[in-house]
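Engineer: Here's a structure for you.
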Amino acid sequence: MAILSVIGRKGFTQRLAVVILYATLTLLGATMVVPFLITLTSSNANGFDYDRFSIAPRGLWSGKDRFVKGLVPFFNRYQGWFEVLQAHFPGAPSGWTSWRAIGSDTVATDALAAHYLHPSPEVWEQWKRQAADYADYSAAYPIEDTLVTFSDEQAARFISLYYERAWARQNPELALRAGATRRERGGLDLLSQQWGVPIPGFISIRFDREIRAPLRQQSWVPPDTQKQADFLLIKHAVRFGFATPGVFSQWIAFLRDRGYTAADAKELAPVPVDAPPEMLALWREFSREKAPASPVVPFPMRLVWQEYMASDAARALLGLSGAESFDIAHYNRLTRSGYGSLRDTPFPLPQEFTVLRPAWEQFVRDRYPLRLVQLEVTPELETRYRQFLQSHFTLSNLNALIGTNHPDWNEISLSPTMPASAGLRDVWMNFVKQLPARLRRITSSEAVYQSFLLEKYGTLEKINATYGWQLQRIEEAFPPFDKAYAVTFRENSTAFAWEPLLSNYGTMAKFLISRGSAIPVTLWLIVLSIFVTLTVNPLAGYALSRFRLKGKDKIILFCLATSAFPAMVSAIPGYLLMRDLGLLNTFLALVLPGAASGMSIFILKGFFDSLPQELYEAATIDGAREWQIFSFVTIPMVKPILAINALHAFLAAYGGWEWALIICQDPRMWTLSVWLYQANEWWAQTPWITSAGFIIASIPTLIVFLFCQNIIMRGIIVPSMK
């Protein structure tokens, strides 16, 4: 029966009631849809736009937003990344100290992106030349002195690929018969052997300490470990396009165009460390056009120099008071120059800036990283070195420290660069620290780039003409990563747009699929739960409805009372009971506590009571037995409520991670929901990945709900239409 009569609907009051009813339903529907849309948008996010909590990603319609968002995989995890970003992008505001702040400043991000997305054709050609040269320069720069950022998922993917291939080379016959799981297990065993510690899974690998290495510290040197060696392998792979969106597929297509088979092209992606010169030449040809920028960025020493200029020691040397902070005005006044900001000032310090020379020499002596220092070895310096050794060691102690067997001090020579041996390296660094700055020859990424330009173009005038620059000194030249990124983004714009989505969903899907028996355990639990629910509850409700049982009212009251307490109240008693019965880590422990539902039994009894008694009488007259009456007469009449019970059983089995985690300590018995909970803990710092997991986990629920909804609607609408 309709709530409003046909005649009554024509009145103003009734129409207003209809409008209010529809508005209420729309509002209630929005409260369910909006959170889902926010989660869906978050699953396509990264650190740049996750905290916006919008129902649609702004990058769908804004190329400027995608441009800045694409910088996250290039500048993210290492110490002082925002300073490096600001050094390479002069238009970046100084207040950009986190990706959350950058993502919320849409006006500034759009202004920055507009400069790089819409240059004139002439300027774009100049940028392409700068980007191509940057690709050549950065590919040849020593990888040990570079910053890098990559995700833990990318590290796990590369390490698994590398060690699985290494295991296959060591076990060729076994590898031919091995499936993906066996190859992964073999690679994991080899990794554990190489690192000397048990590794439970590739997904557990972390390189946080290596990524955040203090490259700006004077005495820091990379540790001599296998993990550090593997970190350098990842760096090499990232330099050759491993972590840059779209580059892998384009590189494989490029190789196939050069005559390589599909299998060989995949083996060469990324380019191996020991690749032959002709392969490296192919990569240089490719990267100059398609991917001049990579997340492996040469470390900018100019930032360390500018940081030192703001220190108390530098201010004292320059005659500044303690209240004064060193800025571009002081720099221009001292050097009689006219730079617009400290970002534009030259590095290394030009010879003609004599007023800053005392501060520069102190900086080189006290702050400059020793790994970037070289010595011009002369007989006088070697003599000084031996005298230094004799003042600190006996000859036998020195031999024991550096692992040599020199019979005489005169056989000990001074290395012009930092030695590789740990003991000798420490001795060398201590010696260099007490040398004056004038005896140290320093290098840096800026100096290497400036030498690269002079070697290629010859003069500063030709460099300015080629690049469209107006430099007064070669020391003002700074590696143009921003132009290289602009070219890389334009050549791979589609991949940059899809990268967060594919990365987040791919990571979570692989995580859930690779969790051993998670999928079969979840399927078996769902099947058993639905079977038990559709067996125990209808039988109990049918018995309470059909038969005159003694104490029926008390039984019904007891069934309702069980619904008055939260499930977690019975968690401890339930756990103790399952433990005493020896059912921990079994399907029985997962299914039995929820087999009977007091509320479901009560509702089913009410449905059975509402059925016409004539049906039962007719079935009895026809000779049907009780189980036949139950199966062929009663059950078909209550399909809607059974569909609801099945839906509830599915939701409890599929999404109930608390009880599954309590009762099953063995990970082999964990369901997908438990692993999703673990993933939420695992990726707490990158919640956009777990947002993708929530969307993936909601798909089966949506399918089951739609299926049950059809049954429910057929049971409600069709009878009313008849």
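Convention: chains lettered A, B, ... in structure tokens order; per-chain residue numbering from 1; ligands numbered from 1 as shown.
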Compile the contact shell of Leu435 of chain A as number ranges by chain: residues with an atom at most 12 Å away, counting only C-alpha atoms, same-chain residues fewer than 3 positions apart removed.
Structural biologist: A: 361-362, 364-366, 370, 373-375, 381, 384-385, 388, 428-432, 438-441
Engineer: For Pro687 of chain A, work out the shell of residues within 9 Å, counting only C-alpha atoms and skipping chain neighbours fewer than 3 positions away, then give it as a PyMOL selection string.
Structural biologist: chain A and resi 42-43+46+50+680+683-684+690-692
Engineer: Name the residues of segment 292-375 of chain A that come out as alpha helix (DSSP H) in a backbone DSSP run; write them as a PDB file with N, CA and C atoms, in the first residue's frame.
Structural biologist:
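Output (states35.pdb):
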ATOM      1  N   MET A 301      76.485  20.385  -3.657  1.00  0.00           N
ATOM      2  CA  MET A 301      77.284  20.926  -2.558  1.00  0.00           C
ATOM      3  C   MET A 301      77.015  22.414  -2.339  1.00  0.00           C
ATOM      4  N   ARG A 302      76.428  23.071  -3.310  1.00  0.00           N
ATOM      5  CA  ARG A 302      76.123  24.494  -3.154  1.00  0.00           C
ATOM      6  C   ARG A 302      75.211  24.731  -1.951  1.00  0.00           C
ATOM      7  N   LEU A 303      74.327  23.782  -1.664  1.00  0.00           N
ATOM      8  CA  LEU A 303      73.436  23.918  -0.520  1.00  0.00           C
ATOM      9  C   LEU A 303      74.213  23.897   0.792  1.00  0.00           C
ATOM     10  N   VAL A 304      75.225  23.052   0.866  1.00  0.00           N
ATOM     11  CA  VAL A 304      76.034  22.971   2.082  1.00  0.00           C
ATOM     12  C   VAL A 304      76.810  24.276   2.279  1.00  0.00           C
ATOM     13  N   TRP A 305      77.319  24.844   1.192  1.00  0.00           N
ATOM     14  CA  TRP A 305      78.036  26.113   1.261  1.00  0.00           C
ATOM     15  C   TRP A 305      77.117  27.236   1.720  1.00  0.00           C
ATOM     16  N   GLN A 306      75.913  27.295   1.179  1.00  0.00           N
ATOM     17  CA  GLN A 306      74.971  28.333   1.581  1.00  0.00           C
ATOM     18  C   GLN A 306      74.537  28.150   3.038  1.00  0.00           C
ATOM     19  N   GLU A 307      74.398  26.915   3.467  1.00  0.00           N
ATOM     20  CA  GLU A 307      74.078  26.647   4.866  1.00  0.00           C
ATOM     21  C   GLU A 307      75.210  27.114   5.780  1.00  0.00           C
ATOM     22  N   TYR A 308      76.445  26.893   5.340  1.00  0.00           N
ATOM     23  CA  TYR A 308      77.591  27.337   6.133  1.00  0.00           C
ATOM     24  C   TYR A 308      77.649  28.865   6.209  1.00  0.00           C
ATOM     25  N   MET A 309      77.323  29.551   5.116  1.00  0.00           N
ATOM     26  CA  MET A 309      77.369  31.012   5.102  1.00  0.00           C
ATOM     27  C   MET A 309      76.401  31.619   6.112  1.00  0.00           C
ATOM     28  N   ASP A 312      77.169  30.781  12.501  1.00  0.00           N
ATOM     29  CA  ASP A 312      77.828  31.777  13.350  1.00  0.00           C
ATOM     30  C   ASP A 312      79.297  31.930  12.986  1.00  0.00           C
ATOM     31  N   ALA A 313      79.953  30.808  12.630  1.00  0.00           N
ATOM     32  CA  ALA A 313      81.376  30.872  12.291  1.00  0.00           C
ATOM     33  C   ALA A 313      81.604  31.742  11.068  1.00  0.00           C
ATOM     34  N   ALA A 314      80.750  31.596  10.045  1.00  0.00           N
ATOM     35  CA  ALA A 314      80.910  32.399   8.832  1.00  0.00           C
ATOM     36  C   ALA A 314      80.599  33.866   9.101  1.00  0.00           C
ATOM     37  N   ARG A 315      79.568  34.135   9.880  1.00  0.00           N
ATOM     38  CA  ARG A 315      79.230  35.534  10.189  1.00  0.00           C
ATOM     39  C   ARG A 315      80.373  36.221  10.926  1.00  0.00           C
ATOM     40  N   ALA A 316      81.031  35.479  11.819  1.00  0.00           N
ATOM     41  CA  ALA A 316      82.154  36.069  12.550  1.00  0.00           C
ATOM     42  C   ALA A 316      83.304  36.408  11.609  1.00  0.00           C
ATOM     43  N   LEU A 317      83.580  35.516  10.651  1.00  0.00           N
ATOM     44  CA  LEU A 317      84.653  35.785   9.690  1.00  0.00           C
ATOM     45  C   LEU A 317      84.319  36.957   8.777  1.00  0.00           C
ATOM     46  N   LEU A 318      83.042  37.140   8.485  1.00  0.00           N
ATOM     47  CA  LEU A 318      82.622  38.193   7.565  1.00  0.00           C
ATOM     48  C   LEU A 318      82.320  39.499   8.280  1.00  0.00           C
ATOM     49  N   ILE A 328      71.199  37.690   0.553  1.00  0.00           N
ATOM     50  CA  ILE A 328      71.758  38.066  -0.744  1.00  0.00           C
ATOM     51  C   ILE A 328      72.271  39.507  -0.741  1.00  0.00           C
ATOM     52  N   ALA A 329      71.713  40.346   0.098  1.00  0.00           N
ATOM     53  CA  ALA A 329      72.199  41.728   0.166  1.00  0.00           C
ATOM     54  C   ALA A 329      73.633  41.761   0.697  1.00  0.00           C
ATOM     55  N   HIS A 330      73.890  40.974   1.745  1.00  0.00           N
ATOM     56  CA  HIS A 330      75.252  40.897   2.266  1.00  0.00           C
ATOM     57  C   HIS A 330      76.197  40.319   1.217  1.00  0.00           C
ATOM     58  N   TYR A 331      75.741  39.287   0.524  1.00  0.00           N
ATOM     59  CA  TYR A 331      76.585  38.647  -0.490  1.00  0.00           C
ATOM     60  C   TYR A 331      76.956  39.635  -1.591  1.00  0.00           C
ATOM     61  N   ASN A 332      75.972  40.358  -2.089  1.00  0.00           N
ATOM     62  CA  ASN A 332      76.231  41.319  -3.164  1.00  0.00           C
ATOM     63  C   ASN A 332      77.133  42.460  -2.693  1.00  0.00           C
ATOM     64  N   ARG A 333      76.937  42.895  -1.452  1.00  0.00           N
ATOM     65  CA  ARG A 333      77.766  43.983  -0.939  1.00  0.00           C
ATOM     66  C   ARG A 333      79.222  43.539  -0.781  1.00  0.00           C
ATOM     67  N   LEU A 334      79.427  42.304  -0.291  1.00  0.00           N
ATOM     68  CA  LEU A 334      80.787  41.824  -0.064  1.00  0.00           C
ATOM     69  C   LEU A 334      81.512  41.515  -1.375  1.00  0.00           C
ATOM     70  N   THR A 335      80.781  40.997  -2.343  1.00  0.00           N
ATOM     71  CA  THR A 335      81.409  40.581  -3.599  1.00  0.00           C
ATOM     72  C   THR A 335      81.238  41.602  -4.716  1.00  0.00           C
ATOM     73  N   ARG A 357      87.097  34.615   0.676  1.00  0.00           N
ATOM     74  CA  ARG A 357      88.068  33.529   0.664  1.00  0.00           C
ATOM     75  C   ARG A 357      88.336  32.945   2.060  1.00  0.00           C
ATOM     76  N   PRO A 358      88.453  33.763   3.131  1.00  0.00           N
ATOM     77  CA  PRO A 358      88.658  33.160   4.463  1.00  0.00           C
ATOM     78  C   PRO A 358      87.520  32.229   4.868  1.00  0.00           C
ATOM     79  N   ALA A 359      86.287  32.645   4.591  1.00  0.00           N
ATOM     80  CA  ALA A 359      85.151  31.782   4.923  1.00  0.00           C
ATOM     81  C   ALA A 359      85.171  30.516   4.073  1.00  0.00           C
ATOM     82  N   TRP A 360      85.548  30.651   2.809  1.00  0.00           N
ATOM     83  CA  TRP A 360      85.605  29.484   1.924  1.00  0.00           C
ATOM     84  C   TRP A 360      86.662  28.485   2.404  1.00  0.00           C
ATOM     85  N   GLU A 361      87.829  28.978   2.794  1.00  0.00           N
ATOM     86  CA  GLU A 361      88.888  28.077   3.240  1.00  0.00           C
ATOM     87  C   GLU A 361      88.501  27.367   4.530  1.00  0.00           C
ATOM     88  N   GLN A 362      87.833  28.084   5.429  1.00  0.00           N
ATOM     89  CA  GLN A 362      87.363  27.419   6.641  1.00  0.00           C
ATOM     90  C   GLN A 362      86.287  26.386   6.316  1.00  0.00           C
ATOM     91  N   PHE A 363      85.431  26.696   5.360  1.00  0.00           N
ATOM     92  CA  PHE A 363      84.399  25.751   4.928  1.00  0.00           C
ATOM     93  C   PHE A 363      85.026  24.487   4.357  1.00  0.00           C
ATOM     94  N   VAL A 364      86.028  24.649   3.508  1.00  0.00           N
ATOM     95  CA  VAL A 364      86.701  23.484   2.928  1.00  0.00           C
ATOM     96  C   VAL A 364      87.403  22.674   4.017  1.00  0.00           C
ATOM     97  N   ARG A 365      88.002  23.370   4.977  1.00  0.00           N
ATOM     98  CA  ARG A 365      88.751  22.671   6.021  1.00  0.00           C
ATOM     99  C   ARG A 365      87.832  21.951   7.015  1.00  0.00           C
ATOM    100  N   ASP A 366      86.709  22.575   7.386  1.00  0.00           N
ATOM    101  CA  ASP A 366      85.903  22.043   8.486  1.00  0.00           C
ATOM    102  C   ASP A 366      84.617  21.356   8.046  1.00  0.00           C
TER     103      ASP A 366
END
Engineer: Asn585 of chain A: which residues within 7 Å, counting only C-alpha atoms, same-chain residues fewer than 4 positions away excluded, as a ChimeraX atom specification?
Structural biologist: /A:663-666,669
Engineer: Considering only C-alpha atoms, return as a compact mmCIF listing (two decimals) with N, CA and C atoms, in the first residue's frame whatever protein or nucleic-acid residues lie within 10 Å of segment 88-90 of chain A, sequence-local ones (same chain, fewer than 5 positions apart) excluded.
Structural biologist:
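Saved as part04.txt:
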# COMPACT_ATOMS: atom_id res chain seq x y z
N PHE A 82 63.54 18.92 0.28
CA PHE A 82 62.85 20.15 -0.15
C PHE A 82 63.85 21.24 -0.51
N GLU A 83 65.02 21.24 0.14
CA GLU A 83 66.06 22.20 -0.23
C GLU A 83 66.62 21.89 -1.61
N LEU A 112 54.16 27.49 -10.79
CA LEU A 112 55.43 26.82 -11.09
C LEU A 112 55.30 25.94 -12.33
N PRO A 300 74.01 18.29 -4.57
CA PRO A 300 74.43 19.69 -4.77
C PRO A 300 75.18 20.23 -3.55
N SER A 341 69.24 36.19 -5.88
CA SER A 341 69.03 35.37 -4.69
C SER A 341 70.26 34.51 -4.46
N ARG A 343 70.33 31.45 -4.42
CA ARG A 343 70.27 30.32 -5.34
C ARG A 343 71.08 30.58 -6.62
N ASP A 344 71.24 31.86 -6.97
CA ASP A 344 71.92 32.21 -8.22
C ASP A 344 73.43 32.40 -8.04
N PHE A 478 74.56 25.64 -13.11
CA PHE A 478 74.01 24.64 -12.19
C PHE A 478 73.26 23.60 -13.01
N PRO A 479 73.39 22.32 -12.69
CA PRO A 479 72.74 21.28 -13.50
C PRO A 479 71.24 21.54 -13.65
N PRO A 480 70.73 21.62 -14.90
CA PRO A 480 69.33 21.99 -15.15
C PRO A 480 68.38 20.80 -15.02
N PHE A 481 68.26 20.28 -13.81
CA PHE A 481 67.34 19.16 -13.61
C PHE A 481 65.91 19.55 -13.98
N ASP A 482 65.52 20.80 -13.70
CA ASP A 482 64.15 21.21 -13.97
C ASP A 482 63.80 21.09 -15.45
N LYS A 483 64.73 21.45 -16.33
CA LYS A 483 64.46 21.32 -17.76
C LYS A 483 64.41 19.84 -18.18
Engineer: Atom CA of Thr244 of chain A and atom CA of Ser160 of chain A, how far apart in Å?
Structural biologist: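 Atom-to-atom, atom CA of Ser160 of chain A and atom CA of Thr244 of chain A are spaced 18.6 Å apart.
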Engineer: Report as number ranges by chain all protein, DNA and RNA residues lying within 12 Å of Pro700 of chain A, evaluated on only C-alpha atoms, omitting residues in the same chain fewer than 3 positions from it.
Structural biologist: A: 522-523, 526, 647, 650-651, 654-655, 672, 694-697, 703-707
